[in-house]
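Have a look at the structure below before the remarks.
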Amino acid sequence: MTTTWRTSAMALDAQDPLASFKEAFDLPQGVIYLNGNSLGPLPRAACERAEQVIRQEWGQGLVRSWNSAGWFDAPLRLGRMLAGLLGVDPDETLVADATGINLYKAAAAALALRPGRRTVVMEGSNFPTNNYVVQGLLESLGGGYRLHFAEKDELADAIDAIDADVAAIILTHVHYKTGHRLDMAGLTKKAHAAGALAIWDLCHSAGVIPVALNAVGVDFAVGCTYKYLNGGPGSPAFIFAARRHHAAMRQPLSGWWGHAMPFAFERDFRLAEGIARMQTGTQPMLSLLAAEAGITLALQADPRLAAAKAGALGDLFIEGMDGLAADHGFALISPRLAQERGGHVAYGHPHGYAIMKALIARGVIGDFRAPDVLRFGFSPLYLSYGDVVSAVHRIAETMQRQEWRNPAFQAQDKVT
Ligand SMILES: Cc1ncc(COP(=O)(O)O)c(C=O)c1O
């Protein structure tokens with residue numbers, strides 16, 4: 001690692017139009033946080049918002065806050081906020097429930113819109129909860145549904161091969177492990193040409209790479225707010241349904257928040273109009289409202305600048321790691337080209353788990369995904385180019401000193 005490398009990183013920081021966003025986050029001293037692809041850090045405004053919600057809205061407003069503080073409408077309000085970032089209309093999305101639950105609702109709605117078709121196409125290696133949720137849904141539907149798993153380069157052919165029977169493709173835009181980005185426009189078009197609907201998981205896209213769902217005709221989408229949107233641990237997810245489906249779509253978790261008149265307390269379910277029917281029940285308000293702070297920050301950053309910076313930070317990291325790869329056995333798993341990745345960069349290493357623990361002990365926080373993958377996330381709002389140089393420097397020292405051999409780093413924690 002040369003001094004020139006650090007100097008050029010400092011020059012990039014000096015011109016970075018997003019540099020001031022770092023101040024908006026409360027990051028621990030000495031930590032280089034490369035794990036916003038798992039859990040975004042704490043926005044300072046989230047503390048203020050959480051305190052306001054707890055002390056004022058809950059403490060003083062009590063039950064009145066469902067009206068006076070707009071709690072009941074918060075899922076739709078946060079959805080309206082997110083709309084621009086997703087490239088959809090304000091009444092096509094809402095924030096509620098977990099990603100998996102929203103996927104269940106979206107997938108069920110899509111299958112009901114394609115009666116007679118029995119095949120769902122997914123990328124088998126995508127985040128397993130998506131597979132589990134769809135497997136659970138298909139099992140509960142009975143009636144011979146089939147899940148066809150294909151990997152990245154086989155997806156287009158898979159859709160062609162089973163066209164007349166394919167009801168939906170359910171794909172994750174950016175792969176949670178490798179970071180590869182699928183061709184959302186191309187695969188959605190292929191699905192539509194086959195008469196199928198396209199559902200996308202945007203967990204690793206929203207807030208870090210450009211998303212324009214309506215421009216490419218996506219039917220349904222889901223995604224979390226706790227990664228690049230910095231919403232907080234377990235903050236509720238979003239769900240999008242294209243307006244053309246609103247009148248006909250139904251989802252099976254038909255709770256009172258998706259009822260046409262929740263406070264009429266009618267015996268039987270009657271569908272709410274529009275995206276509101278994708279709701280089920282009472283939301284975790286503390287978490288939902290704290291997430292507003294992170295979402296607000298993401299909206300303040302120009303998405304094109306954010307994506308360009310995330311790509312450039314990842315490129316700089318890969319450049320630095322190229323110098324270490326041969327000597328220390330790291331194998332780049334993610335695409336080298338920024339436009340083919342999401343916001344994180346992954347490396348394989350046979351001692352990946354122990355190495356990540358050693359790095360965390362040194363203040364470089366990434367994470368590990370079995371069996372051997374180290375993930376490093378490059379969120380554009382709080383990382384500097386200098387941080388990337390320092391991280392590579394610390395990785396080099398950790399490897400040179402073989403710190404990962406320490407027995408304390410060998411035992412696997414529950415959460416990796
Ligand atoms: C692509 C993807 N989908 C879904 C999830 C998790 O969904 P849930 O919010 O239901 O836990 C993750 C979690 O990291 C993910 O990476």
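Chain labels A, B, ... are given in the sequence in which chains occur in the structure tokens; within each chain residues are numbered consecutively from 1, and ligands are likewise numbered from 1 in the order shown.
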Please report, as a PyMOL selection string, each residue of stretch 66-134 of chain A to which DSSP assigns alpha helix (DSSP H) when run on this structure's backbone.
chain A and resi 66-68+74-86+99-113+128-134
Can I get the selected residues back with C-alpha atoms, as a PDB file, in the first residue's frame?
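This is the output file selection.pdb:
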ATOM      1  CA  TRP A  66     -52.829   6.586  16.698  1.00  0.00           C
ATOM      2  CA  ASN A  67     -54.682   9.646  15.374  1.00  0.00           C
ATOM      3  CA  SER A  68     -52.828  12.721  16.592  1.00  0.00           C
ATOM      4  CA  ALA A  74     -47.445   5.582   9.106  1.00  0.00           C
ATOM      5  CA  PRO A  75     -47.045   2.493   6.846  1.00  0.00           C
ATOM      6  CA  LEU A  76     -48.611   4.359   3.925  1.00  0.00           C
ATOM      7  CA  ARG A  77     -46.797   7.600   4.747  1.00  0.00           C
ATOM      8  CA  LEU A  78     -43.388   5.899   4.804  1.00  0.00           C
ATOM      9  CA  GLY A  79     -44.322   4.157   1.576  1.00  0.00           C
ATOM     10  CA  ARG A  80     -45.017   7.528  -0.032  1.00  0.00           C
ATOM     11  CA  MET A  81     -41.590   8.687   1.161  1.00  0.00           C
ATOM     12  CA  LEU A  82     -39.834   5.683  -0.388  1.00  0.00           C
ATOM     13  CA  ALA A  83     -41.649   5.856  -3.713  1.00  0.00           C
ATOM     14  CA  GLY A  84     -39.123   8.096  -5.478  1.00  0.00           C
ATOM     15  CA  LEU A  85     -36.232   5.908  -4.410  1.00  0.00           C
ATOM     16  CA  LEU A  86     -37.937   2.857  -5.902  1.00  0.00           C
ATOM     17  CA  THR A  99     -39.450  -8.842   3.993  1.00  0.00           C
ATOM     18  CA  GLY A 100     -40.374 -12.521   4.106  1.00  0.00           C
ATOM     19  CA  ILE A 101     -43.941 -11.784   5.145  1.00  0.00           C
ATOM     20  CA  ASN A 102     -44.271  -9.243   2.365  1.00  0.00           C
ATOM     21  CA  LEU A 103     -42.870 -11.766  -0.077  1.00  0.00           C
ATOM     22  CA  TYR A 104     -45.506 -14.259   1.036  1.00  0.00           C
ATOM     23  CA  LYS A 105     -48.232 -11.690   0.383  1.00  0.00           C
ATOM     24  CA  ALA A 106     -46.782 -10.587  -2.975  1.00  0.00           C
ATOM     25  CA  ALA A 107     -46.190 -14.140  -4.191  1.00  0.00           C
ATOM     26  CA  ALA A 108     -49.670 -15.258  -3.183  1.00  0.00           C
ATOM     27  CA  ALA A 109     -51.182 -12.235  -4.925  1.00  0.00           C
ATOM     28  CA  ALA A 110     -49.167 -12.905  -8.079  1.00  0.00           C
ATOM     29  CA  LEU A 111     -50.123 -16.588  -8.232  1.00  0.00           C
ATOM     30  CA  ALA A 112     -53.791 -15.713  -7.831  1.00  0.00           C
ATOM     31  CA  LEU A 113     -53.428 -13.302 -10.762  1.00  0.00           C
ATOM     32  CA  PRO A 128     -32.790 -18.767   1.807  1.00  0.00           C
ATOM     33  CA  THR A 129     -35.742 -17.161   3.571  1.00  0.00           C
ATOM     34  CA  ASN A 130     -37.189 -16.350   0.144  1.00  0.00           C
ATOM     35  CA  ASN A 131     -37.038 -20.013  -0.844  1.00  0.00           C
ATOM     36  CA  TYR A 132     -38.495 -21.111   2.482  1.00  0.00           C
ATOM     37  CA  VAL A 133     -41.362 -18.614   2.269  1.00  0.00           C
ATOM     38  CA  VAL A 134     -42.270 -19.598  -1.290  1.00  0.00           C
TER      39      VAL A 134
END
Taking only residues of chain A that have an atom at most 6 Å from an atom of ligand 1, what is each one's shortest atom pair and its distance in Å to one decimal, using only C-alpha atoms and all ligand atoms, in chain and number order, as a Markdown table?
| residue | atom | partner | partner_atom_place_in_ligand_line | distance |
| --- | --- | --- | --- | --- |
| A:Ala98 | CA | ligand 1 | 9 (O) | 4.2 |
| A:Thr99 | CA | ligand 1 | 10 (O) | 3.9 |
| A:Gly100 | CA | ligand 1 | 10 (O) | 3.6 |
| A:Phe127 | CA | ligand 1 | 1 (C) | 4.9 |
| A:Thr172 | CA | ligand 1 | 1 (C) | 5.9 |
| A:Tyr176 | CA | ligand 1 | 16 (O) | 5.0 |
| A:Cys203 | CA | ligand 1 | 1 (C) | 5.0 |
| A:Cys224 | CA | ligand 1 | 9 (O) | 5.7 |
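Between atom CA of A:Arg394 and atom CA of A:Arg375 the interatomic distance comes to 15.5 Å.
Take atom CA of A:Gly144 and atom CA of A:Val121: the distance between them is 14.5 Å.
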Selection: 6 Å around A:Gly342, only C-alpha atoms, excl. self and same-chain fewer than 3 positions, as JSON, numbers by chain
{"A": [174, 179, 181]}
Using only C-alpha atoms, determine which residues lie at most 8 Å from A:Ile32, disregarding the query and same-chain residues fewer than 3 positions distant; provide the list as number ranges by chain.
A: 363-365, 383, 387, 391
N, CA and C atoms of the current selection, written as a tab-separated table (two decimals), in the first residue's frame:
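Output saved as result.tsv:
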chain	number	residue	atom	x	y	z
A	363	GLY	N	-11.38	-3.58	14.52
A	363	GLY	CA	-12.27	-2.45	14.19
A	363	GLY	C	-12.70	-2.37	12.74
A	364	VAL	N	-12.42	-3.42	11.94
A	364	VAL	CA	-12.95	-3.44	10.57
A	364	VAL	C	-14.12	-4.41	10.59
A	365	ILE	N	-15.33	-3.86	10.60
A	365	ILE	CA	-16.49	-4.73	10.77
A	365	ILE	C	-17.11	-5.07	9.42
A	383	LEU	N	-19.15	6.23	4.55
A	383	LEU	CA	-17.77	5.75	4.35
A	383	LEU	C	-17.02	6.71	3.46
A	387	ASP	N	-11.36	5.69	4.48
A	387	ASP	CA	-11.76	4.52	5.30
A	387	ASP	C	-11.40	3.22	4.58
A	391	ALA	N	-9.00	0.39	5.87
A	391	ALA	CA	-9.49	-0.98	6.06
A	391	ALA	C	-8.54	-1.97	5.39
Skip stretch 238-255 of chain A itself and residues of its chain fewer than 2 positions away, then list as an MDAnalysis selection string all residues within 7 Å of it, counting only C-alpha atoms.
chainID A and resid 92:96 102 105 108:109 113 219:224 236 257:259 274:275 278 280:281
Env of A:His204: 12 Å cut, atoms = only C-alpha atoms, seq-sep filter 2 positions within chain, self excluded. Answer as an NGL selection string.
:A and (35-40 or 99 or 126-127 or 171-182 or 200-202 or 206-211 or 222-229 or 341-345 or 377-379)
Work out how far apart atom CA of A:Leu359 and atom CA of A:Leu313 are and give it in Å to one decimal.
18.6 Å
Within 10 Å of stretch 17-27 of chain A, which residues of stretch 278-325 of chain A come that close, and what is the closest atom pair and distance in Å for each? Count only C-alpha atoms and give it as a Markdown table.
| residue | atom | partner | partner_atom | distance |
| --- | --- | --- | --- | --- |
| A:Ala293 | CA | A:Ala24 | CA | 10.0 |
| A:Gly294 | CA | A:Phe25 | CA | 9.4 |
| A:Leu297 | CA | A:Phe21 | CA | 8.0 |
| A:Ala298 | CA | A:Phe21 | CA | 9.6 |
| A:Gln300 | CA | A:Phe21 | CA | 9.2 |
| A:Ala301 | CA | A:Leu18 | CA | 7.2 |
| A:Asp302 | CA | A:Leu18 | CA | 8.6 |
| A:Leu305 | CA | A:Leu18 | CA | 7.7 |
| A:Ala306 | CA | A:Leu18 | CA | 7.5 |
| A:Lys309 | CA | A:Leu18 | CA | 8.4 |
